[in-house]
Structure formats: C-alpha cells, structure tokens
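As structure tokens, the structure follows; a few thoughts come after it.
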Amino acid sequence: MEDQPKFPDLTDAERKVLEDLMPDEVSEIITAGLKRRHFLKLITYTGTSLLATHLLGIEQLMARTTTGAPLPPPPTGIENGVNVTVNVNGRAQKLLVDSRMTLLDALRERLALTGSKKGCDHGQCGACTVLVEGRRVLSCLTLAATCQDKAVTTIEGLAKEDTLHPMQTAFIKHDGFQCGYCTPGQICSAVALMSEAKNGEASYVTPNVRQTGKPVKLSDEEIRERMSGNICRCGAYPNIVDAIREVHGDKAVAQVWQFADGTI
Ligand code: FES
Ligand code: FES
C-alpha cells in the first residue's frame, strides 16, 4: 500500500505558515517528511518577524488594541461606587467602579483590554503588569479607584499604529515566548526596566548601590534580577534576556536556536 503523506510534527498553524510561504512546494516538502525542527530553522532563516505573526502566542504579544470596539455594558447594582477617570493608552476613560475593583479587572472587564493577564491574582506571577505613570505595577494589586487622572499603559498601548514597540519586535526576533500568557506582563515590565536602568535605579545585584543617577549597564544578571517578578511557566527566560539585551544595547544580538539534539 502506498504511503500516505505524513505531517509529522507540524501544528495546523505551522502548516498554514508553510503554505503561505511556499504555496507551490508545500505538498512536496511535507510528503518528503518535514520535521518540526526543520520547519523552525526554515522560519528563522526566512525572517521571523513576518512569519512569526502567524504563530500561536503572537496575539498575546501584539495584544491588538480594541479602540473603537463597543465596550461591555457597565454592571448594574455596583456597590461602593466610585467615579474615576483614567487615561488608558492615551484615552480618557470615565468609569463607575466598585471601590474594591482592581485595575486589572477594570481593564479586562470594563474596557475590554484583555492583553493584561490574570495569572495568580495575588501579586506573585507578574502576568498582570502594566505601566502607571511610566512605572510598572501589578494591576491585580492596584485598585482602579486609586488611578484617578493617572496614565495607564497596557500592552495594547505600546505599538504605534502598525509599528511595534522595539521591545515587542525584539521578543519576536528572539522567540521570547511560547504560549504567550506571560508575555504582555513580561514586555511591559521590560519596557519599564529600561527607564529604571537609564535613571540609575539600583537592583539587588547592582555592584555599587551608592552610584545613583548614572545609567546602570544591564548585564544578564541585572536583567534576570530585575525581571524576577515575571514568571514564565514555559521557561522562555534565556530568549527574554536576549530580547531585553538587544533593546538595551541598541545593537543586534545574535539569535541562537539550540535543539534538543545539540544542533544549533
Ligand atoms: S495576576 Fe497579578 S501578579 Fe499574578
Ligand atoms: S510564554 Fe508561556 S508562560 Fe511565558
């Protein structure tokens, strides 16, 4: 009996990327037995930033803005209601919120900005990290009512139109995510980390904590320490460090793909 074409390790999304990339050759390539590691190498060679947009997890990283989309209706019977105006991603948003509502819930449930994730809801994972007045905060531990007149930036507000923030671009280039769940928090945290280092704020591993005011050079150790509040269950840490180092150093950091069998 003739062997049927096999699609060994590729997911549907990956097959779709391959079809878009090589519509004429795809069946020949797949019939010949394309392994997933070959596919990954292929997309590395052909420019990941475009192709990676097809892959799973990318939506988390981009977290497209919902500007203009209808907002969910406000809940009825709000207890302890507080009127608050928050500037979210450059737009003033007037909300009546329960005084106990967290910023994370207000963003997700009232403003439909679901890029920020609820991982633990206890301040332990960093998935909900957003910027308030340019500083990173855990939105699950921040009350929405305390954000009156404050500027809040979420993952949806980092890109300018179709141009990604350099940190988003670097995360794509270095494959700094797998499932993408922690990624919005990682990226917001990394963006704030840049200004903290630029302002000379010391961390636990800064050699000279008295040398304030001068920009801190971010070693891998500094990056790891400063990002230690953002947990990644997929373990994308090495690639996250590479992405941050690239943006910090303003020069290209080589992509390194190491496979289980030791090949690069
Ligand atoms: S959801 Fe906020 S730290 Fe985990
Ligand atoms: S990419 Fe999956 S949790 Fe970080």
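How things are named: the first chain in the structure tokens is A, the next is B, and so on; residues count from 1 in each chain; ligands count from 1 in the order shown.
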
A:Ser195 surroundings by only C-alpha atoms, 12 Å radius, close-in-sequence under 2 positions cut, as JSON, numbers by chain: {"A": [131, 133, 134, 135, 136, 188, 189, 190, 191, 192, 193, 197, 198, 199, 200, 201, 202, 213, 214, 215, 216, 217, 218, 247, 248]}

Contacts of A:Asn80 at 12 Å (only C-alpha atoms; same-chain gap of 3+ positions) as a VMD selection string: chain A and resid 77 83 96 to 101 145

Same residues, all heavy atoms, saved as a compact mmCIF listing (two decimals), in the first residue's frame:
```
# COMPACT_ATOMS: atom_id res chain seq x y z
N GLY A 77 -26.09 47.59 39.72
CA GLY A 77 -26.01 47.36 41.17
C GLY A 77 -24.59 47.39 41.71
O GLY A 77 -24.21 46.55 42.54
N ASN A 83 -16.59 57.14 41.05
CA ASN A 83 -16.33 57.62 39.69
C ASN A 83 -14.85 57.88 39.54
O ASN A 83 -14.24 58.54 40.37
CB ASN A 83 -17.11 58.91 39.43
CG ASN A 83 -18.57 58.60 39.13
OD1 ASN A 83 -18.88 57.81 38.24
ND2 ASN A 83 -19.47 59.19 39.90
N LEU A 96 -17.50 54.12 36.39
CA LEU A 96 -18.03 54.00 37.75
C LEU A 96 -17.66 52.60 38.21
O LEU A 96 -18.10 51.61 37.62
CB LEU A 96 -19.56 54.17 37.74
CG LEU A 96 -20.27 53.87 39.05
CD1 LEU A 96 -19.82 54.85 40.15
CD2 LEU A 96 -21.79 53.95 38.88
N VAL A 97 -16.79 52.53 39.21
CA VAL A 97 -16.31 51.21 39.64
C VAL A 97 -16.60 50.97 41.11
O VAL A 97 -16.70 51.93 41.90
CB VAL A 97 -14.78 51.05 39.42
CG1 VAL A 97 -14.43 51.09 37.95
CG2 VAL A 97 -13.99 52.10 40.19
N ASP A 98 -16.74 49.73 41.46
CA ASP A 98 -16.78 49.34 42.87
C ASP A 98 -15.43 49.76 43.48
O ASP A 98 -14.38 49.54 42.85
CB ASP A 98 -16.95 47.81 42.93
CG ASP A 98 -17.14 47.30 44.35
OD1 ASP A 98 -16.34 47.70 45.22
OD2 ASP A 98 -18.05 46.49 44.56
N SER A 99 -15.46 50.34 44.64
CA SER A 99 -14.20 50.84 45.22
C SER A 99 -13.20 49.71 45.43
O SER A 99 -12.01 49.96 45.57
CB SER A 99 -14.48 51.54 46.56
OG SER A 99 -15.08 50.61 47.45
N ARG A 100 -13.65 48.45 45.40
CA ARG A 100 -12.73 47.33 45.62
C ARG A 100 -12.26 46.70 44.31
O ARG A 100 -11.52 45.72 44.32
CB ARG A 100 -13.44 46.25 46.46
CG ARG A 100 -13.84 46.74 47.83
CD ARG A 100 -14.92 45.89 48.43
NE ARG A 100 -16.17 46.00 47.67
CZ ARG A 100 -17.32 45.42 48.00
NH1 ARG A 100 -17.38 44.69 49.11
NH2 ARG A 100 -18.39 45.56 47.27
N MET A 101 -12.70 47.28 43.20
CA MET A 101 -12.33 46.67 41.91
C MET A 101 -10.85 46.94 41.60
O MET A 101 -10.36 48.05 41.77
CB MET A 101 -13.18 47.26 40.79
CG MET A 101 -12.96 46.59 39.45
SD MET A 101 -14.04 47.26 38.16
CE MET A 101 -14.52 45.75 37.31
N ALA A 145 -9.74 52.59 41.66
CA ALA A 145 -10.13 53.88 42.23
C ALA A 145 -8.93 54.74 42.60
O ALA A 145 -9.06 55.95 42.78
CB ALA A 145 -11.02 53.66 43.45
```

Nearby residues, ligand 2, 12 Å, only C-alpha atoms and all ligand atoms, as a ChimeraX atom specification: /A:56-61,117-119,125-127,171-172,175-187,230-240

Keeping only C-alpha atoms, write the selected residues as an mmCIF file, in the first residue's frame.
```cif
data_model
loop_
_atom_site.group_PDB
_atom_site.id
_atom_site.type_symbol
_atom_site.label_atom_id
_atom_site.label_comp_id
_atom_site.auth_asym_id
_atom_site.auth_seq_id
_atom_site.Cartn_x
_atom_site.Cartn_y
_atom_site.Cartn_z
ATOM 1 C CA LEU A 56 0.364 30.764 18.266
ATOM 2 C CA GLY A 57 1.059 33.118 21.104
ATOM 3 C CA ILE A 58 1.628 36.118 18.899
ATOM 4 C CA GLU A 59 -1.730 37.618 19.712
ATOM 5 C CA GLN A 60 -0.638 37.918 23.308
ATOM 6 C CA LEU A 61 2.460 39.751 22.290
ATOM 7 C CA LYS A 117 -3.460 38.591 32.088
ATOM 8 C CA LYS A 118 -4.718 37.280 35.401
ATOM 9 C CA GLY A 119 -2.274 34.570 36.363
ATOM 10 C CA CYS A 125 3.389 35.985 38.816
ATOM 11 C CA GLY A 126 3.653 39.370 37.053
ATOM 12 C CA ALA A 127 1.260 38.420 34.229
ATOM 13 C CA PHE A 171 10.601 39.448 21.656
ATOM 14 C CA ILE A 172 9.517 38.189 18.231
ATOM 15 C CA ASP A 175 11.319 33.983 20.287
ATOM 16 C CA GLY A 176 10.844 35.243 23.834
ATOM 17 C CA PHE A 177 7.598 33.357 24.367
ATOM 18 C CA GLN A 178 5.896 30.054 23.821
ATOM 19 C CA CYS A 179 2.254 30.066 24.918
ATOM 20 C CA GLY A 180 2.371 33.844 25.277
ATOM 21 C CA TYR A 181 0.377 34.009 28.502
ATOM 22 C CA CYS A 182 3.057 35.795 30.495
ATOM 23 C CA THR A 183 4.261 37.866 27.528
ATOM 24 C CA PRO A 184 2.215 41.082 27.903
ATOM 25 C CA GLY A 185 3.423 41.347 31.509
ATOM 26 C CA GLN A 186 6.990 40.472 30.521
ATOM 27 C CA ILE A 187 7.065 43.146 27.834
ATOM 28 C CA ASN A 230 7.653 37.961 35.978
ATOM 29 C CA ILE A 231 7.259 34.214 35.933
ATOM 30 C CA CYS A 232 7.173 32.227 32.690
ATOM 31 C CA ARG A 233 5.814 28.719 33.041
ATOM 32 C CA CYS A 234 7.123 27.909 29.546
ATOM 33 C CA GLY A 235 10.656 28.789 30.602
ATOM 34 C CA ALA A 236 11.403 31.265 27.817
ATOM 35 C CA TYR A 237 13.835 33.089 30.104
ATOM 36 C CA PRO A 238 17.055 32.888 28.038
ATOM 37 C CA ASN A 239 15.317 34.337 24.989
ATOM 38 C CA ILE A 240 13.628 37.040 27.055
#
```

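Remark: for ligand 1, the closest of the candidate residues A:Val205, A:Ala151, A:Val84, A:Leu104 is A:Leu104 (distances computed over only C-alpha atoms and all ligand atoms).
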
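Nearest-residue note for A:Val130: choosing from A:Ala243, A:Leu107, A:Val256, A:Ala112, the minimum distance belongs to A:Leu107, counting only C-alpha atoms.
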
Backbone-only DSSP, strand (DSSP E or B) members of stretch 77-253 of chain A, as a PyMOL selection string: chain A and resi 81-88+91-98+102+129-132+135-138+143+151-153+160+163

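Between ligand 1 and the residues A:Val86, A:Ala254, A:Leu164, A:Leu138, the shortest atom-to-atom distance, using only C-alpha atoms and all ligand atoms, involves A:Leu138.
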
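Taking atom CA of A:Arg224 and atom CA of A:Lys251 as endpoints, the distance between them is 19.4 Å.
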
A:Ile223: which residues within 8 Å, counting only C-alpha atoms, same-chain residues fewer than 4 positions away excluded, as a PDB file with C-alpha atoms, in the first residue's frame?
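The resulting file, around-v1.pdb, is shown below:
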```pdb
ATOM      1  CA  LEU A 218      22.294  45.845  32.238  1.00  0.00           C
ATOM      2  CA  SER A 219      24.264  42.624  32.479  1.00  0.00           C
ATOM      3  CA  MET A 227      12.684  40.597  35.650  1.00  0.00           C
ATOM      4  CA  VAL A 241      17.050  38.094  28.372  1.00  0.00           C
ATOM      5  CA  ILE A 244      15.985  42.848  26.512  1.00  0.00           C
ATOM      6  CA  ARG A 245      19.739  42.931  25.981  1.00  0.00           C
TER       7      ARG A 245
END
```
